[in-house]
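Visitor: mmCIF, C-alpha atoms, saved as my_file-v1.cif, coming up:
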```
data_run
loop_
_atom_site.group_PDB
_atom_site.id
_atom_site.type_symbol
_atom_site.label_atom_id
_atom_site.label_comp_id
_atom_site.auth_asym_id
_atom_site.auth_seq_id
_atom_site.Cartn_x
_atom_site.Cartn_y
_atom_site.Cartn_z
ATOM 1 C CA MET V 30 116.359 190.322 121.079
ATOM 2 C CA ASN V 31 119.865 191.797 121.176
ATOM 3 C CA THR V 32 120.488 193.800 117.990
ATOM 4 C CA ASN V 33 123.930 194.995 119.104
ATOM 5 C CA ILE V 34 125.696 191.748 118.295
ATOM 6 C CA CYS V 35 128.699 192.317 116.024
ATOM 7 C CA HIS V 36 128.315 190.419 112.752
ATOM 8 C CA ILE V 37 131.180 189.699 110.383
ATOM 9 C CA ASP V 38 130.292 188.528 106.892
ATOM 10 C CA TYR V 39 132.845 185.799 106.266
ATOM 11 C CA LYS V 40 133.192 185.295 102.523
ATOM 12 C CA TYR V 41 136.106 182.899 102.186
ATOM 13 C CA LYS V 42 137.535 179.691 103.656
ATOM 14 C CA ILE V 43 141.326 179.739 103.736
ATOM 15 C CA CYS V 44 143.393 176.756 104.801
ATOM 16 C CA VAL V 45 146.851 177.207 106.339
ATOM 17 C CA SER V 46 149.301 174.356 105.970
ATOM 18 C CA GLY V 47 152.579 174.108 107.858
ATOM 19 C CA ALA V 48 154.810 172.044 110.090
ATOM 20 C CA ALA V 49 153.452 170.593 113.322
ATOM 21 C CA GLU V 50 157.042 170.486 114.613
ATOM 22 C CA THR V 51 158.682 173.861 113.978
ATOM 23 C CA GLY V 52 162.216 173.554 115.378
ATOM 24 C CA HIS V 53 163.663 174.100 111.885
ATOM 25 C CA CYS V 54 161.470 177.085 111.016
ATOM 26 C CA GLY V 55 163.473 179.938 112.550
ATOM 27 C CA ALA V 56 162.863 182.392 115.375
ATOM 28 C CA ASP V 57 160.176 184.429 113.605
ATOM 29 C CA ALA V 58 157.944 181.540 112.506
ATOM 30 C CA PHE V 59 155.375 181.856 115.302
ATOM 31 C CA ALA V 60 155.088 185.639 114.955
ATOM 32 C CA SER V 61 154.610 185.257 111.181
ATOM 33 C CA ALA V 62 151.952 182.599 111.717
ATOM 34 C CA GLU V 63 150.041 184.744 114.226
ATOM 35 C CA GLU V 64 150.106 187.773 111.932
ATOM 36 C CA LEU V 65 148.935 185.572 109.064
ATOM 37 C CA GLY V 66 145.984 184.531 111.234
ATOM 38 C CA ARG V 67 145.065 188.125 112.004
ATOM 39 C CA GLU V 68 145.200 189.023 108.306
ATOM 40 C CA ILE V 69 142.926 186.110 107.409
ATOM 41 C CA VAL V 70 140.222 187.627 109.638
ATOM 42 C CA ARG V 71 140.853 191.142 108.282
ATOM 43 C CA HIS V 72 140.230 189.739 104.797
ATOM 44 C CA ASP V 73 136.775 188.364 105.736
ATOM 45 C CA ALA V 74 137.890 184.743 105.861
ATOM 46 C CA VAL V 75 137.500 181.737 108.129
ATOM 47 C CA LEU V 76 140.590 179.644 108.882
ATOM 48 C CA VAL V 77 140.435 175.942 108.071
ATOM 49 C CA ASP V 78 143.341 173.932 109.505
ATOM 50 C CA GLY V 79 144.417 170.434 110.472
ATOM 51 C CA ALA V 80 143.635 170.916 114.193
ATOM 52 C CA THR V 81 147.303 170.416 114.875
ATOM 53 C CA THR V 82 150.325 171.921 116.615
ATOM 54 C CA GLY V 83 153.076 174.150 115.210
ATOM 55 C CA PHE V 84 152.583 176.660 112.408
ATOM 56 C CA PRO V 85 148.802 176.118 111.906
ATOM 57 C CA PHE V 86 148.241 176.288 115.688
ATOM 58 C CA TRP V 87 149.886 179.712 115.924
ATOM 59 C CA THR V 88 147.910 180.888 112.909
ATOM 60 C CA ALA V 89 144.728 179.785 114.724
ATOM 61 C CA LYS V 90 145.875 181.752 117.777
ATOM 62 C CA GLY V 91 146.216 184.883 115.623
ATOM 63 C CA VAL V 92 142.736 184.320 114.163
ATOM 64 C CA LYS V 93 141.141 184.044 117.609
ATOM 65 C CA GLU V 94 143.016 187.123 118.889
ATOM 66 C CA GLU V 95 141.457 189.039 115.984
ATOM 67 C CA GLY V 96 137.986 187.687 116.796
ATOM 68 C CA GLY V 97 137.748 185.259 113.884
ATOM 69 C CA ILE V 98 136.575 181.685 113.373
ATOM 70 C CA VAL V 99 138.717 178.537 113.196
ATOM 71 C CA ILE V 100 137.465 175.180 111.908
ATOM 72 C CA GLY V 101 139.796 172.229 112.395
ATOM 73 C CA LEU V 102 139.782 168.912 110.550
ATOM 74 C CA SER V 103 141.377 166.241 112.707
ATOM 75 C CA PRO V 104 142.967 163.007 111.482
ATOM 76 C CA ALA V 105 141.308 161.307 114.451
ATOM 77 C CA ALA V 106 137.879 159.656 114.548
ATOM 78 C CA THR V 107 136.985 160.950 118.026
ATOM 79 C CA GLU V 108 137.966 163.696 120.441
ATOM 80 C CA LYS V 109 139.541 161.061 122.722
ATOM 81 C CA GLU V 110 141.703 159.743 119.865
ATOM 82 C CA HIS V 111 142.555 163.337 118.865
ATOM 83 C CA LEU V 112 143.817 164.112 122.382
ATOM 84 C CA ASN V 113 145.314 160.790 123.494
ATOM 85 C CA TYR V 114 146.547 158.978 120.380
ATOM 86 C CA TYR V 115 147.461 161.893 118.086
ATOM 87 C CA GLN V 116 148.187 164.221 121.031
ATOM 88 C CA LEU V 117 146.741 167.216 119.205
ATOM 89 C CA PRO V 118 145.309 170.408 120.743
ATOM 90 C CA THR V 119 141.751 171.735 120.821
ATOM 91 C CA GLU V 120 142.603 175.312 121.863
ATOM 92 C CA TYR V 121 141.872 178.232 119.514
ATOM 93 C CA HIS V 122 139.267 176.251 117.568
ATOM 94 C CA ASP V 123 135.546 176.966 117.332
ATOM 95 C CA MET V 124 134.810 173.565 115.859
ATOM 96 C CA ILE V 125 136.805 170.401 115.206
ATOM 97 C CA ILE V 126 135.543 167.804 112.750
ATOM 98 C CA TYR V 127 136.854 164.316 113.527
ATOM 99 C CA THR V 128 137.413 162.769 110.103
ATOM 100 C CA GLY V 129 138.878 159.401 111.119
ATOM 101 C CA PHE V 130 140.890 159.447 107.888
ATOM 102 C CA ASN V 131 144.398 159.697 109.369
ATOM 103 C CA TYR V 132 146.743 162.395 108.058
ATOM 104 C CA SER V 133 146.647 161.654 104.330
ATOM 105 C CA GLY V 134 142.844 161.487 104.136
ATOM 106 C CA ARG V 135 142.485 164.522 106.374
ATOM 107 C CA ASN V 136 144.825 166.486 104.084
ATOM 108 C CA LEU V 137 142.606 165.834 101.059
ATOM 109 C CA LEU V 138 139.515 167.044 102.950
ATOM 110 C CA LEU V 139 141.382 170.155 104.128
ATOM 111 C CA VAL V 140 142.164 171.226 100.590
ATOM 112 C CA ARG V 141 138.715 170.332 99.224
ATOM 113 C CA SER V 142 137.039 172.307 102.033
ATOM 114 C CA SER V 143 138.911 175.530 101.251
ATOM 115 C CA ASP V 144 138.856 178.300 98.654
ATOM 116 C CA ALA V 145 142.646 178.621 98.806
ATOM 117 C CA VAL V 146 145.601 177.202 100.738
ATOM 118 C CA ILE V 147 148.470 179.156 102.286
ATOM 119 C CA PHE V 148 151.737 177.346 102.942
ATOM 120 C CA GLY V 149 154.171 178.376 105.663
ATOM 121 C CA CYS V 150 157.198 176.572 107.040
ATOM 122 C CA GLY V 151 156.600 172.861 106.536
ATOM 123 C CA ARG V 152 157.786 169.306 106.122
ATOM 124 C CA MET V 153 156.449 166.173 104.373
ATOM 125 C CA GLY V 154 152.793 166.666 105.401
ATOM 126 C CA THR V 155 152.887 170.210 104.055
ATOM 127 C CA LEU V 156 154.367 168.926 100.812
ATOM 128 C CA ASN V 157 151.507 166.407 100.569
ATOM 129 C CA GLU V 158 148.943 169.197 100.975
ATOM 130 C CA PHE V 159 150.783 171.283 98.391
ATOM 131 C CA THR V 160 150.635 168.554 95.736
ATOM 132 C CA ILE V 161 146.897 168.019 96.407
ATOM 133 C CA THR V 162 146.265 171.774 96.082
ATOM 134 C CA PHE V 163 148.304 171.939 92.874
ATOM 135 C CA GLU V 164 146.468 168.935 91.370
ATOM 136 C CA ASP V 165 143.104 170.495 92.303
ATOM 137 C CA LYS V 166 144.230 173.803 90.730
ATOM 138 C CA LYS V 167 143.238 175.753 93.837
ATOM 139 C CA PRO V 168 144.713 179.207 94.526
ATOM 140 C CA ILE V 169 147.987 178.926 96.430
ATOM 141 C CA GLY V 170 149.674 181.421 98.743
ATOM 142 C CA ILE V 171 153.273 180.759 99.751
ATOM 143 C CA LEU V 172 154.487 182.700 102.775
ATOM 144 C CA GLN V 173 158.206 183.330 102.466
ATOM 145 C CA GLY V 174 160.392 183.390 105.568
ATOM 146 C CA GLU V 175 163.561 182.069 107.221
ATOM 147 C CA TRP V 176 162.474 178.535 106.347
ATOM 148 C CA GLU V 177 163.362 176.680 103.127
ATOM 149 C CA THR V 178 159.865 175.460 102.214
ATOM 150 C CA ASP V 179 159.154 178.429 99.949
ATOM 151 C CA GLU V 180 162.287 177.710 97.895
ATOM 152 C CA LEU V 181 161.374 174.037 97.680
ATOM 153 C CA PHE V 182 157.912 174.906 96.337
ATOM 154 C CA LYS V 183 159.391 177.321 93.808
ATOM 155 C CA GLU V 184 161.696 174.589 92.525
ATOM 156 C CA LEU V 185 158.864 172.039 92.406
ATOM 157 C CA ILE V 186 156.671 174.400 90.389
ATOM 158 C CA GLU V 187 159.483 175.184 87.952
ATOM 159 C CA LYS V 188 160.354 171.499 87.455
ATOM 160 C CA SER V 189 156.785 170.227 87.309
ATOM 161 C CA HIS V 190 156.464 171.045 83.569
ATOM 162 C CA ARG V 191 152.906 172.081 84.487
ATOM 163 C CA ALA V 192 153.459 175.589 85.828
ATOM 164 C CA LYS V 193 151.342 177.021 82.998
ATOM 165 C CA GLU V 194 148.262 175.272 84.438
ATOM 166 C CA MET V 195 148.597 177.360 87.607
ATOM 167 C CA GLU V 196 149.531 180.634 85.955
ATOM 168 C CA GLY V 197 148.032 183.521 87.920
ATOM 169 C CA LYS V 198 146.993 181.262 90.805
ATOM 170 C CA ILE V 199 150.183 181.188 92.888
ATOM 171 C CA VAL V 200 151.403 184.049 95.084
ATOM 172 C CA PHE V 201 154.784 184.330 96.835
ATOM 173 C CA GLU V 202 154.997 186.996 99.554
ATOM 174 C CA SER V 203 156.870 187.521 102.834
ATOM 175 C CA ASP V 204 154.309 190.029 104.129
ATOM 176 C CA PRO V 205 151.068 188.359 105.345
ATOM 177 C CA LYS V 206 148.905 191.369 104.409
ATOM 178 C CA LYS V 207 150.247 191.553 100.850
ATOM 179 C CA LEU V 208 149.874 187.792 100.532
ATOM 180 C CA LEU V 209 146.189 187.927 101.574
ATOM 181 C CA ASP V 210 145.500 191.009 99.416
ATOM 182 C CA LYS V 211 146.667 189.145 96.322
ATOM 183 C CA LEU V 212 145.227 185.760 97.242
ATOM 184 C CA VAL V 213 141.740 187.106 97.949
ATOM 185 C CA GLU V 214 141.686 188.774 94.517
ATOM 186 C CA ILE V 215 142.494 185.401 92.946
ATOM 187 C CA ILE V 216 139.734 183.710 94.982
ATOM 188 C CA LYS V 217 137.224 186.349 93.822
ATOM 189 C CA LYS V 218 138.153 185.740 90.185
ATOM 190 C CA GLU V 219 137.858 181.980 90.642
ATOM 191 C CA LYS V 220 134.424 182.315 92.240
ATOM 192 C CA GLU V 221 133.201 184.612 89.471
ATOM 193 C CA LYS V 222 134.575 182.233 86.846
ATOM 194 C CA ASN V 223 132.668 179.376 88.491
ATOM 195 C CA GLY V 224 129.415 181.310 88.514
ATOM 196 C CA TYR V 225 129.392 182.649 92.082
ATOM 197 C CA LYS V 226 128.435 186.303 92.357
ATOM 198 C CA HIS V 227 130.731 188.155 94.755
ATOM 199 C CA LEU V 228 128.763 190.281 97.223
#
```
Kindly transcribe the structure held in the file into structure tokens.
Guide:
Amino acid sequence: MNTNICHIDYKYKICVSGAAETGHCGADAFASAEELGREIVRHDAVLVDGATTGFPFWTAKGVKEEGGIVIGLSPAATEKEHLNYYQLPTEYHDMIIYTGFNYSGRNLLLVRSSDAVIFGCGRMGTLNEFTITFEDKKPIGILQGEWETDELFKELIEKSHRAKEMEGKIVFESDPKKLLDKLVEIIKKEKEKNGYKHL
């Protein structure tokens, strides 16, 4: 038996939500996504994503470069449908679960499967995942960048008349490390509050 196998104790499941088509995201979007992925691993977390292209795909690439684990939830019912109908990738994923629930159903499962959700540059699908996360009162990390999504979320929170419900659960940061530092602390508090002992 090989006792020299490196073992990482993954404590958290963090979802990253962002645009599958990133033409509007700015020149630094991919680099930011990759660094976000590396920081997820450095913070003892597994990445959960939508098994898609764009911002989540580059985050997954960063996770794998750092030696981490990526679990994808596909809108498709089968691998064939995932590849041919949805034209989505399988690279940089350790496991893909084929939900068969299309995008809206997949988005709900993504949020419910995670301890927290980080939002990068995004469009309508990202907005859908944001509202689910907000309704579920899950910890939220918003990565600020050249894109406008962060400003949109800030405005939505302010105008929701429900910002108090999420007080202390939302983090805005442009630096991926600082974002994960703060978000992991919120996850720990949430787990302790719900009766899970942090090891």
Visitor: Under the rule of at most 12 Å, produce a per-residue listing of region 160-207 of chain V near region 75-96 of chain V: chain, number, name, the closest pair of atoms, and the distance in Å, as JSON lines, using only C-alpha atoms.
Guide:
```
{"residue": "V:Leu172", "atom": "CA", "partner": "V:Phe84", "partner_atom": "CA", "distance": 11.5}
{"residue": "V:Trp176", "atom": "CA", "partner": "V:Phe84", "partner_atom": "CA", "distance": 11.8}
{"residue": "V:Pro205", "atom": "CA", "partner": "V:Thr88", "partner_atom": "CA", "distance": 11.1}
```
Visitor: I need the residue set behind the PyMOL selection byres ((chain V and resi 47) around 7) for this file; please write it as a list of chain:residue names.
Guide: V:Val45, V:Ser46, V:Ala48, V:Ala49, V:Phe84, V:Pro85, V:Phe148, V:Gly149, V:Cys150, V:Gly151, V:Thr155
Visitor: Care to translate the PyMOL selection byres ((chain V and resi 105) around 10) into actual residues of this file, as an NGL selection string?
Guide: :V and (80 or 102-104 or 106-117 or 126-132 or 135)
Visitor: Would you compute the box with edges along x, y and z of the file around region 120-125 of chain V, including every atom the file lists for it and 5 Å extra on each side, and give its centre and edge lengths in Å to one decimal, as JSON?
Guide:
```
{"center_x": 138.7, "center_y": 174.3, "center_z": 118.5, "size_x": 17.8, "size_y": 17.8, "size_z": 16.7}
```
Visitor: Take CA of Ile69 (chain V) and CA of Leu209 (chain V) and report the distance between them in Å, one decimal.
Guide: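 Separation of CA of Ile69 (chain V) and CA of Leu209 (chain V): 6.9 Å.
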Visitor: Pick from V:Glu63, V:Asp144, V:Glu68, V:Glu184: nearest to Cys44 (chain V), with all atoms listed in the file counted?
Guide: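 Comparing V:Glu63, V:Asp144, V:Glu68, V:Glu184 against Cys44 (chain V), the winner is V:Asp144.
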Visitor: From the options V:Thr178, V:Glu50, V:Lys206, V:Lys198, which residue's atoms come nearest to Val146 (chain V), counting all atoms listed in the file?
Guide: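 For Val146 (chain V), the nearest of the given residues is V:Lys198.
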Visitor: In Å, how far is it from CA of Glu64 (chain V) to CA of His122 (chain V)?
Guide: 16.8 Å
Visitor: Fewer than 5 positions away in the same chain doesn't count, so skip those; otherwise give me all residues within 12 Å of Tyr39 (chain V), counting only C-alpha atoms, as a PyMOL selection string.
Guide: chain V and resi 69-76+96-99+227-228
